[in-house]
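Dropping work_18.cif in here (mmCIF, C-alpha atoms):
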data_target
#
loop_
_atom_site.group_PDB
_atom_site.id
_atom_site.type_symbol
_atom_site.label_atom_id
_atom_site.label_comp_id
_atom_site.auth_asym_id
_atom_site.auth_seq_id
_atom_site.Cartn_x
_atom_site.Cartn_y
_atom_site.Cartn_z
ATOM 1 C CA MET A 1 -13.810 -29.041 64.558
ATOM 2 C CA VAL A 2 -10.515 -28.963 62.671
ATOM 3 C CA THR A 3 -10.547 -32.644 61.739
ATOM 4 C CA GLU A 4 -13.993 -32.340 60.183
ATOM 5 C CA GLY A 5 -12.763 -29.342 58.205
ATOM 6 C CA TYR A 6 -9.953 -31.431 56.754
ATOM 7 C CA PHE A 7 -12.437 -34.166 55.893
ATOM 8 C CA GLU A 8 -14.683 -31.692 54.085
ATOM 9 C CA GLY A 9 -11.629 -30.381 52.234
ATOM 10 C CA VAL A 10 -10.680 -33.878 51.116
ATOM 11 C CA LYS A 11 -14.243 -34.608 49.992
ATOM 12 C CA SER A 12 -14.545 -31.424 47.973
ATOM 13 C CA GLY A 13 -10.990 -31.420 46.631
ATOM 14 C CA VAL A 14 -10.144 -28.187 48.407
ATOM 15 C CA GLY A 15 -7.069 -28.004 50.580
ATOM 16 C CA THR A 16 -3.341 -28.081 50.327
ATOM 17 C CA VAL A 17 -1.229 -30.911 48.988
ATOM 18 C CA ASP A 18 0.737 -30.883 52.241
ATOM 19 C CA ASP A 19 -2.465 -31.400 54.244
ATOM 20 C CA LEU A 20 -3.469 -34.261 51.965
ATOM 21 C CA ARG A 21 -0.097 -35.937 52.339
ATOM 22 C CA TYR A 22 -0.209 -35.496 56.112
ATOM 23 C CA ILE A 23 -3.665 -37.055 56.240
ATOM 24 C CA ASN A 24 -2.453 -39.924 54.064
ATOM 25 C CA ASN A 25 0.476 -40.544 56.414
ATOM 26 C CA HIS A 26 -2.016 -40.860 59.289
ATOM 27 C CA LEU A 27 -4.909 -42.235 57.258
ATOM 28 C CA ASP A 28 -5.935 -45.056 59.564
ATOM 29 C CA THR A 29 -6.245 -42.777 62.593
ATOM 30 C CA PHE A 30 -7.817 -39.965 60.548
ATOM 31 C CA ALA A 31 -10.450 -42.308 59.126
ATOM 32 C CA ASP A 32 -11.249 -43.730 62.566
ATOM 33 C CA ILE A 33 -11.762 -40.235 63.987
ATOM 34 C CA ILE A 34 -14.011 -39.167 61.106
ATOM 35 C CA VAL A 35 -16.138 -42.308 61.452
ATOM 36 C CA ILE A 36 -16.657 -41.486 65.133
ATOM 37 C CA LEU A 37 -17.385 -37.804 64.485
ATOM 38 C CA LYS A 38 -19.755 -38.519 61.605
ATOM 39 C CA LYS A 39 -21.523 -41.545 63.105
ATOM 40 C CA ASN A 40 -24.919 -39.905 62.538
ATOM 41 C CA GLU A 41 -24.112 -39.640 58.833
ATOM 42 C CA GLN A 42 -22.901 -43.265 58.678
ATOM 43 C CA VAL A 43 -19.606 -42.421 56.981
ATOM 44 C CA ARG A 44 -17.626 -45.582 56.268
ATOM 45 C CA LYS A 45 -13.891 -45.860 56.832
ATOM 46 C CA GLU A 46 -13.367 -47.473 53.419
ATOM 47 C CA VAL A 47 -14.975 -44.502 51.682
ATOM 48 C CA ILE A 48 -12.718 -42.073 53.521
ATOM 49 C CA GLU A 49 -9.620 -44.079 52.608
ATOM 50 C CA LYS A 50 -10.643 -44.364 48.943
ATOM 51 C CA THR A 51 -11.381 -40.647 48.781
ATOM 52 C CA VAL A 52 -7.960 -39.719 50.155
ATOM 53 C CA LYS A 53 -6.250 -42.131 47.737
ATOM 54 C CA MET A 54 -8.263 -40.707 44.843
ATOM 55 C CA ARG A 55 -7.238 -37.149 45.723
ATOM 56 C CA LEU A 56 -3.585 -38.214 45.932
ATOM 57 C CA LYS A 57 -3.897 -39.792 42.484
ATOM 58 C CA GLU A 58 -5.278 -36.498 41.173
ATOM 59 C CA VAL A 59 -2.263 -34.667 42.614
ATOM 60 C CA GLU A 60 0.129 -37.182 41.028
ATOM 61 C CA GLU A 61 -1.579 -36.840 37.644
ATOM 62 C CA PHE A 62 -1.472 -33.057 37.867
ATOM 63 C CA SER A 63 2.230 -33.130 38.735
ATOM 64 C CA HIS A 64 2.911 -35.441 35.785
ATOM 65 C CA GLN A 65 1.030 -33.163 33.378
ATOM 66 C CA GLN A 66 2.794 -30.128 34.808
ATOM 67 C CA GLY A 67 6.148 -31.788 34.112
ATOM 68 C CA LEU A 68 5.159 -32.559 30.523
ATOM 69 C CA ILE A 69 4.026 -28.984 29.949
ATOM 70 C CA ASN A 70 7.247 -27.622 31.455
ATOM 71 C CA ASN A 71 9.308 -29.880 29.180
ATOM 72 C CA PHE A 72 7.290 -28.781 26.160
ATOM 73 C CA ALA A 73 7.684 -25.102 27.060
ATOM 74 C CA ASN A 74 11.449 -25.540 27.470
ATOM 75 C CA LEU A 75 11.650 -27.313 24.135
ATOM 76 C CA CYS A 76 9.723 -24.496 22.477
ATOM 77 C CA GLN A 77 12.075 -21.890 23.956
ATOM 78 C CA HIS A 78 15.144 -23.705 22.634
ATOM 79 C CA THR A 79 13.763 -24.330 19.148
ATOM 80 C CA LYS A 80 12.342 -20.838 18.795
ATOM 81 C CA GLY A 81 15.796 -19.319 18.405
ATOM 82 C CA THR A 82 16.861 -22.022 15.961
ATOM 83 C CA LEU A 83 13.829 -21.530 13.749
ATOM 84 C CA TYR A 84 14.329 -17.754 13.594
ATOM 85 C CA GLU A 85 18.005 -18.143 12.762
ATOM 86 C CA LYS A 86 17.219 -20.405 9.782
ATOM 87 C CA LYS A 87 14.834 -17.803 8.304
ATOM 88 C CA ILE A 88 17.546 -15.144 8.205
#
Just give me the structure of the file as structure tokens.
Amino acid sequence: MVTEGYFEGVKSGVGTVDDLRYINNHLDTFADIIVILKKNEQVRKEVIEKTVKMRLKEVEEFSHQQGLINNFANLCQHTKGTLYEKKI
């Protein structure tokens, strides 16, 4: 089932950011459906919600680090020319 596939993706950290954001926007309903589908495995709604929130935090942290690296790379590009010009 598609919904179970999304749940497995969230658990394992595999999937797209767009899917994760969509799930988060409908988290209450998504969690309720997974609890019903996985009743034999006794999956708790709170665990599903915490897992989704944790994955979103990972995405936010990655985006923050990506921004820092981009800023550093841009800074290096701008200072590279200045450093070479001073040597000449």
Apply the PyMOL selection byres ((chain A and resi 56) around 12) to the file shown and report the selected residues as a ChimeraX atom specification.
/A:10-11,13,15-25,49-55,57-63
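Coordinates place CA of Ala31 (chain A) at a distance of 27.8 Å from CA of His64 (chain A).
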Padding of 3 Å on every side, edges along x, y and z, all listed atoms of region 15-25 of chain A included: what centre and edge lengths in Å, to one decimal, does that box have, as JSON?
{"center_x": -3.2, "center_y": -34.3, "center_z": 52.7, "size_x": 13.8, "size_y": 18.5, "size_z": 13.4}
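Using only C-alpha atoms, the smallest distance between any of A:Gly5, A:Gln77, A:Gly67, A:Ile48 and Phe30 (chain A) comes from A:Ile48.
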